[in-house]
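Novice: Please find structure29.cif (mmCIF, C-alpha atoms and all ligand atoms) on the next line:
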data_upload
loop_
_atom_site.group_PDB
_atom_site.id
_atom_site.type_symbol
_atom_site.label_atom_id
_atom_site.label_comp_id
_atom_site.auth_asym_id
_atom_site.auth_seq_id
_atom_site.Cartn_x
_atom_site.Cartn_y
_atom_site.Cartn_z
ATOM 1 C CA MET W 1 103.613 66.161 111.529
ATOM 2 C CA LYS W 2 103.195 66.171 115.304
ATOM 3 C CA SER W 3 101.416 63.170 116.808
ATOM 4 C CA ASN W 4 98.657 63.811 119.335
ATOM 5 C CA TRP W 5 100.026 61.317 121.839
ATOM 6 C CA ASN W 6 103.333 61.100 123.621
ATOM 7 C CA GLN W 7 105.548 58.030 123.202
ATOM 8 C CA GLU W 8 107.168 58.387 126.631
ATOM 9 C CA LEU W 9 103.751 58.318 128.329
ATOM 10 C CA TYR W 10 102.877 55.239 126.267
ATOM 11 C CA ILE W 11 106.046 53.481 127.472
ATOM 12 C CA LYS W 12 105.354 54.428 131.103
ATOM 13 C CA ALA W 13 101.752 53.155 130.995
ATOM 14 C CA CYS W 14 102.683 50.018 129.046
ATOM 15 C CA ARG W 15 105.406 49.097 131.541
ATOM 16 C CA PHE W 16 103.064 49.713 134.454
ATOM 17 C CA ALA W 17 100.393 47.505 132.851
ATOM 18 C CA ALA W 18 102.923 44.773 132.037
ATOM 19 C CA GLU W 19 103.982 44.634 135.678
ATOM 20 C CA ALA W 20 100.434 44.866 137.072
ATOM 21 C CA HIS W 21 99.117 42.075 134.825
ATOM 22 C CA GLN W 22 102.243 39.904 135.054
ATOM 23 C CA GLY W 23 101.280 36.214 135.160
ATOM 24 C CA GLN W 24 97.702 36.883 133.993
ATOM 25 C CA LEU W 25 96.665 35.132 130.770
ATOM 26 C CA TYR W 26 94.141 36.184 128.167
ATOM 27 C CA PRO W 27 91.031 34.056 128.934
ATOM 28 C CA GLY W 28 90.854 30.820 126.961
ATOM 29 C CA THR W 29 94.508 31.054 125.817
ATOM 30 C CA GLU W 30 98.061 30.586 127.077
ATOM 31 C CA LEU W 31 98.937 34.078 125.886
ATOM 32 C CA PRO W 32 99.924 36.956 128.199
ATOM 33 C CA TYR W 33 97.190 39.451 129.050
ATOM 34 C CA LEU W 34 99.391 42.192 127.643
ATOM 35 C CA LEU W 35 98.282 40.983 124.180
ATOM 36 C CA HIS W 36 94.779 42.252 124.934
ATOM 37 C CA LEU W 37 96.055 45.637 126.132
ATOM 38 C CA ASN W 38 98.257 45.921 123.066
ATOM 39 C CA LEU W 39 95.344 45.271 120.688
ATOM 40 C CA VAL W 40 93.055 47.753 122.459
ATOM 41 C CA SER W 41 95.815 50.375 122.221
ATOM 42 C CA MET W 42 96.301 49.626 118.528
ATOM 43 C CA GLU W 43 92.588 50.295 117.871
ATOM 44 C CA ILE W 44 92.903 53.588 119.761
ATOM 45 C CA LEU W 45 96.049 54.678 117.894
ATOM 46 C CA THR W 46 94.369 53.937 114.564
ATOM 47 C CA ALA W 47 91.302 55.975 115.571
ATOM 48 C CA LEU W 48 93.554 58.851 116.730
ATOM 49 C CA SER W 49 95.253 58.900 113.345
ATOM 50 C CA VAL W 50 91.968 59.477 111.498
ATOM 51 C CA GLU W 51 89.866 61.478 113.979
ATOM 52 C CA PRO W 52 91.173 64.942 114.960
ATOM 53 C CA GLY W 53 90.638 66.917 118.147
ATOM 54 C CA LEU W 54 91.146 64.129 120.672
ATOM 55 C CA ASP W 55 93.291 63.986 123.803
ATOM 56 C CA GLY W 56 95.534 61.211 122.546
ATOM 57 C CA ASP W 57 97.470 60.839 125.793
ATOM 58 C CA LEU W 58 94.300 60.323 127.806
ATOM 59 C CA ALA W 59 93.022 57.733 125.332
ATOM 60 C CA VAL W 60 96.312 55.835 125.053
ATOM 61 C CA GLN W 61 96.993 55.703 128.792
ATOM 62 C CA CYS W 62 93.447 54.584 129.581
ATOM 63 C CA ALA W 63 93.678 51.929 126.847
ATOM 64 C CA LEU W 64 96.809 50.451 128.410
ATOM 65 C CA LEU W 65 95.523 50.739 131.985
ATOM 66 C CA HIS W 66 91.814 50.008 131.443
ATOM 67 C CA ASP W 67 91.801 46.594 133.172
ATOM 68 C CA SER W 68 94.358 47.329 135.888
ATOM 69 C CA ILE W 69 91.857 48.211 138.637
ATOM 70 C CA GLU W 70 89.327 45.532 137.650
ATOM 71 C CA ASP W 71 91.800 42.670 137.211
ATOM 72 C CA THR W 72 94.803 43.427 139.447
ATOM 73 C CA ASP W 73 95.401 44.849 142.917
ATOM 74 C CA THR W 74 96.219 48.280 141.469
ATOM 75 C CA SER W 75 94.384 51.080 143.281
ATOM 76 C CA TYR W 76 92.787 54.298 142.055
ATOM 77 C CA GLU W 77 95.302 56.224 144.162
ATOM 78 C CA GLN W 78 98.264 54.521 142.510
ATOM 79 C CA ILE W 79 97.014 55.378 139.027
ATOM 80 C CA ALA W 80 96.102 58.915 140.076
ATOM 81 C CA SER W 81 99.553 59.565 141.520
ATOM 82 C CA MET W 82 101.430 58.110 138.535
ATOM 83 C CA PHE W 83 99.193 59.136 135.626
ATOM 84 C CA GLY W 84 96.891 61.838 136.983
ATOM 85 C CA VAL W 85 93.297 62.046 138.139
ATOM 86 C CA LYS W 86 91.810 62.209 134.616
ATOM 87 C CA VAL W 87 93.357 58.853 133.708
ATOM 88 C CA ALA W 88 92.420 57.310 137.069
ATOM 89 C CA ASP W 89 88.803 58.511 136.731
ATOM 90 C CA GLY W 90 88.665 57.010 133.246
ATOM 91 C CA VAL W 91 90.014 53.655 134.408
ATOM 92 C CA VAL W 92 87.509 53.527 137.283
ATOM 93 C CA ALA W 93 84.618 54.208 134.889
ATOM 94 C CA LEU W 94 85.897 51.392 132.662
ATOM 95 C CA SER W 95 85.971 48.984 135.641
ATOM 96 C CA LYS W 96 82.982 46.872 136.610
ATOM 97 C CA ASN W 97 81.688 47.297 140.142
ATOM 98 C CA PRO W 98 81.979 43.806 141.681
ATOM 99 C CA ALA W 99 79.535 44.744 144.461
ATOM 100 C CA LEU W 100 76.693 44.802 141.924
ATOM 101 C CA GLU W 101 74.876 41.825 140.473
ATOM 102 C CA LYS W 102 76.532 40.593 137.258
ATOM 103 C CA SER W 103 73.538 41.552 135.129
ATOM 104 C CA GLN W 104 73.834 45.173 136.306
ATOM 105 C CA GLN W 105 77.589 45.597 135.920
ATOM 106 C CA LEU W 106 77.731 46.558 132.229
ATOM 107 C CA ILE W 107 74.954 49.145 132.297
ATOM 108 C CA ASP W 108 76.386 50.618 135.503
ATOM 109 C CA SER W 109 79.801 50.968 133.856
ATOM 110 C CA LEU W 110 78.269 52.453 130.677
ATOM 111 C CA ASN W 111 76.379 55.020 132.765
ATOM 112 C CA ARG W 112 79.653 56.051 134.396
ATOM 113 C CA ILE W 113 81.592 56.027 131.089
ATOM 114 C CA VAL W 114 79.177 58.492 129.428
ATOM 115 C CA GLN W 115 79.955 61.002 132.179
ATOM 116 C CA GLN W 116 83.635 60.860 131.162
ATOM 117 C CA PRO W 117 85.385 62.527 128.184
ATOM 118 C CA ARG W 118 84.773 60.758 124.876
ATOM 119 C CA GLU W 119 88.300 59.308 124.862
ATOM 120 C CA ILE W 120 87.068 56.967 127.639
ATOM 121 C CA TRP W 121 84.073 55.926 125.541
ATOM 122 C CA MET W 122 86.522 55.083 122.764
ATOM 123 C CA VAL W 123 88.488 52.742 125.018
ATOM 124 C CA LYS W 124 85.316 50.775 125.766
ATOM 125 C CA LEU W 125 84.523 50.552 122.036
ATOM 126 C CA ALA W 126 88.097 49.406 121.329
ATOM 127 C CA ASP W 127 87.938 46.886 124.183
ATOM 128 C CA ARG W 128 84.849 45.167 122.765
ATOM 129 C CA ILE W 129 86.168 45.304 119.178
ATOM 130 C CA THR W 130 89.223 43.451 120.475
ATOM 131 C CA ASN W 131 87.174 40.942 122.453
ATOM 132 C CA LEU W 132 84.944 39.991 119.527
ATOM 133 C CA GLN W 133 87.469 37.519 118.172
ATOM 134 C CA SER W 134 86.588 33.831 118.232
ATOM 135 C CA PRO W 135 85.040 33.053 121.640
ATOM 136 C CA PRO W 136 86.910 30.794 124.109
ATOM 137 C CA SER W 137 86.082 27.120 123.453
ATOM 138 C CA HIS W 138 84.532 26.631 126.915
ATOM 139 C CA TRP W 139 81.861 29.313 126.335
ATOM 140 C CA THR W 140 78.276 28.118 125.937
ATOM 141 C CA GLN W 141 76.027 29.317 123.097
ATOM 142 C CA GLU W 142 74.084 31.295 125.667
ATOM 143 C CA LYS W 143 77.218 33.062 126.855
ATOM 144 C CA ILE W 144 78.310 33.824 123.271
ATOM 145 C CA SER W 145 74.881 35.189 122.468
ATOM 146 C CA ARG W 146 74.835 37.336 125.603
ATOM 147 C CA TYR W 147 78.296 38.674 124.786
ATOM 148 C CA ARG W 148 77.070 39.744 121.350
ATOM 149 C CA GLU W 149 73.998 41.403 122.888
ATOM 150 C CA GLU W 150 76.283 43.303 125.249
ATOM 151 C CA ALA W 151 78.376 44.473 122.301
ATOM 152 C CA ILE W 152 75.228 45.891 120.689
ATOM 153 C CA GLU W 153 74.447 47.695 123.951
ATOM 154 C CA ILE W 154 77.959 49.159 124.058
ATOM 155 C CA HIS W 155 77.630 50.269 120.429
ATOM 156 C CA THR W 156 74.254 51.898 121.089
ATOM 157 C CA HIS W 157 75.461 53.867 124.111
ATOM 158 C CA LEU W 158 78.918 54.898 122.926
ATOM 159 C CA GLN W 159 78.911 55.095 119.114
ATOM 160 C CA ALA W 160 78.802 58.927 119.147
ATOM 161 C CA ALA W 161 82.361 59.077 120.526
ATOM 162 C CA SER W 162 84.055 57.829 117.378
ATOM 163 C CA PRO W 163 82.468 57.087 113.980
ATOM 164 C CA PHE W 164 85.604 55.134 113.060
ATOM 165 C CA LEU W 165 85.494 52.770 116.064
ATOM 166 C CA ALA W 166 81.690 52.550 115.969
ATOM 167 C CA LEU W 167 81.811 51.280 112.387
ATOM 168 C CA ARG W 168 84.540 48.816 113.247
ATOM 169 C CA LEU W 169 82.540 47.493 116.220
ATOM 170 C CA ALA W 170 79.411 47.186 114.063
ATOM 171 C CA GLU W 171 81.395 45.074 111.588
ATOM 172 C CA LYS W 172 82.730 42.864 114.396
ATOM 173 C CA ILE W 173 79.201 42.372 115.761
ATOM 174 C CA GLN W 174 78.126 41.283 112.271
ATOM 175 C CA THR W 175 80.912 38.710 111.879
ATOM 176 C CA TYR W 176 80.515 37.429 115.446
ATOM 177 C CA HIS W 177 77.168 36.069 114.342
ATOM 178 C CA LYS W 178 78.956 33.114 112.772
ATOM 179 C CA TYR W 179 79.795 31.754 116.250
ATOM 180 C CA LEU W 180 76.118 31.404 117.116
HETATM 181 NI NI NI N 1 89.708 44.814 128.426
#
Go ahead and express the file in the form of structure tokens.
Specialist:
Amino acid sequence: MKSNWNQELYIKACRFAAEAHQGQLYPGTELPYLLHLNLVSMEILTALSVEPGLDGDLAVQCALLHDSIEDTDTSYEQIASMFGVKVADGVVALSKNPALEKSQQLIDSLNRIVQQPREIWMVKLADRITNLQSPPSHWTQEKISRYREEAIEIHTHLQAASPFLALRLAEKIQTYHKYL
């Protein structure tokens, strides 16, 4: 059976992300940020294996690169020249606009994500699934509660992209309740 994503493109994007995020840690841990990118990609690969008709390469590359513009000095142009405009457009949509007020950043990003192919929506679902593990110990109850509310907002806007990931996010939102 032929897979709907290319291993060589995965390696290229994973290497690029490893270099771009080098030295960055996953918040609240001593673990490399690459762990986060790996887990988001794993959610995407699992969804690709059960949901047909998707552009697997677009989804996988955007999963690995989704934080590279927001969190590193990587530019849109760099991603566009190495991975193509479709991937670069997806990564930009998945990046918060730091010029906006914090309270507006998620809804602004969601509004841009829904104008992208559904593979980009899936990366955002996978990102929040991955981030709904136990919250960092320094987070306040208010912050934890807000994070859960945001997850519900993401689910509401993007669930149509992938029944598989939408269900998984809904389950994570349920279990996250125990941290409140
Ligand atoms: Ni992320």
Novice: Which residues are close to Ile113 in chain W, i.e. within 12 Å by only C-alpha atoms, leaving aside same-chain residues fewer than 3 positions away? Reply as a list in words.
Specialist: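 Residues meeting the cut-off are His66, Asp89, Gly90, Val91, Val92, Ala93, Leu94, Ser95, Lys96, Leu106, Ile107, Asp108, Ser109, Leu110, Gln116, Pro117, Arg118, Glu119, Ile120, Trp121, Met122, Val123, Lys124, Leu125, Ile154, His157, Leu158 and Ala161 of chain W.
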Novice: Evaluate the PyMOL selection byres (((not hetatm)) within 8 of (chain N and resi 1)) and record the selected residues as an MDAnalysis selection string, following the chain and residue labels used in the document.
Specialist: chainID W and resid 36:37 40 66:67 124 127:128 131
Novice: To verify the selection step, state as a ChimeraX atom specification which residues the PyMOL selection byres (((chain W and resi 10) around 12) and not hetatm) yields on this input.
Specialist: /W:4-9,11-18,37-38,41-42,45,56-65,83
Novice: Taking all atoms of range 133-140 of chain W that the file lists, what box with edges along x, y and z, padded by 4 Å per side, do you get, with centre and edge lengths in Å to one decimal, as lines of an AutoDock Vina configuration file?
Specialist:
center_x = 82.9
center_y = 32.1
center_z = 122.5
size_x = 17.2
size_y = 18.9
size_z = 16.7
Novice: I'd like the residues picked by the PyMOL selection byres (((chain W and resi 139-150) around 9) and not hetatm) written out as a ChimeraX atom specification, using the chain letters and numbers from the file.
Specialist: /W:106,132,135-138,151-155,173,176-177,179-180
Novice: What is the CA of Ala160 in chain W to CA of Ile129 in chain W distance in Å?
Specialist: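 Separating CA of Ala160 in chain W from CA of Ile129 in chain W is a distance of 15.5 Å.
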Novice: Within 9 Å of Glu51 in chain W, counting all atoms listed in the file, which residues show up once you throw out same-chain ones fewer than 5 positions away? Write them as a PyMOL selection string, please.
Specialist: chain W and resi 46+162-164
Novice: Can you tell me how far CA of Gly28 in chain W sits from CA of Thr74 in chain W, in Å to one decimal?
Specialist: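 According to the coordinates, CA of Gly28 in chain W and CA of Thr74 in chain W are separated by 23.3 Å.
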Novice: Hey, can you check how far CA of Thr29 in chain W sits from CA of Glu70 in chain W?
Specialist: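 CA of Thr29 in chain W sits 19.4 Å away from CA of Glu70 in chain W.
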Novice: Which is closer to Thr156 in chain W than all the others in W:Ala170, W:Pro27, W:Thr72, W:Ala20, using only C-alpha atoms?
Specialist: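 Ranked by minimum distance to Thr156 in chain W, first place goes to W:Ala170.
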Novice: What would range 148-170 of chain W look like with N, CA and C atoms in place, written as a compact mmCIF listing (two decimals), in the coordinates of the input?
Specialist:
# COMPACT_ATOMS: atom_id res chain seq x y z
N ARG W 148 77.39 38.98 122.56
CA ARG W 148 77.07 39.74 121.35
C ARG W 148 76.01 40.80 121.67
N GLU W 149 75.02 40.43 122.47
CA GLU W 149 74.00 41.40 122.89
C GLU W 149 74.63 42.57 123.64
N GLU W 150 75.57 42.25 124.51
CA GLU W 150 76.28 43.30 125.25
C GLU W 150 77.03 44.24 124.31
N ALA W 151 77.63 43.67 123.27
CA ALA W 151 78.38 44.47 122.30
C ALA W 151 77.44 45.46 121.61
N ILE W 152 76.22 45.00 121.32
CA ILE W 152 75.23 45.89 120.69
C ILE W 152 74.87 47.03 121.65
N GLU W 153 74.75 46.69 122.93
CA GLU W 153 74.45 47.70 123.95
C GLU W 153 75.58 48.74 124.04
N ILE W 154 76.80 48.26 124.02
CA ILE W 154 77.96 49.16 124.06
C ILE W 154 77.95 50.07 122.83
N HIS W 155 77.69 49.49 121.67
CA HIS W 155 77.63 50.27 120.43
C HIS W 155 76.55 51.35 120.52
N THR W 156 75.38 50.96 121.00
CA THR W 156 74.25 51.90 121.09
C THR W 156 74.60 53.09 121.99
N HIS W 157 75.18 52.80 123.14
CA HIS W 157 75.46 53.87 124.11
C HIS W 157 76.64 54.76 123.70
N LEU W 158 77.64 54.18 123.06
CA LEU W 158 78.92 54.90 122.93
C LEU W 158 79.32 55.25 121.49
N GLN W 159 78.50 54.90 120.51
CA GLN W 159 78.91 55.10 119.11
C GLN W 159 79.24 56.54 118.79
N ALA W 160 78.60 57.51 119.47
CA ALA W 160 78.80 58.93 119.15
C ALA W 160 80.25 59.38 119.38
N ALA W 161 80.99 58.65 120.19
CA ALA W 161 82.36 59.08 120.53
C ALA W 161 83.31 59.01 119.34
N SER W 162 83.08 58.05 118.44
CA SER W 162 84.06 57.83 117.38
C SER W 162 83.41 57.07 116.22
N PRO W 163 83.06 57.77 115.13
CA PRO W 163 82.47 57.09 113.98
C PRO W 163 83.36 55.95 113.49
N PHE W 164 84.66 56.15 113.54
CA PHE W 164 85.60 55.13 113.06
C PHE W 164 85.49 53.85 113.88
N LEU W 165 85.56 53.96 115.21
CA LEU W 165 85.49 52.77 116.06
C LEU W 165 84.09 52.18 116.08
N ALA W 166 83.07 53.04 115.98
CA ALA W 166 81.69 52.55 115.97
C ALA W 166 81.45 51.66 114.75
N LEU W 167 81.97 52.09 113.60
CA LEU W 167 81.81 51.28 112.39
C LEU W 167 82.56 49.95 112.53
N ARG W 168 83.73 50.04 113.08
CA ARG W 168 84.54 48.82 113.25
C ARG W 168 83.84 47.84 114.21
N LEU W 169 83.26 48.37 115.29
CA LEU W 169 82.54 47.49 116.22
C LEU W 169 81.31 46.88 115.54
N ALA W 170 80.60 47.70 114.76
CA ALA W 170 79.41 47.19 114.06
C ALA W 170 79.79 46.02 113.15
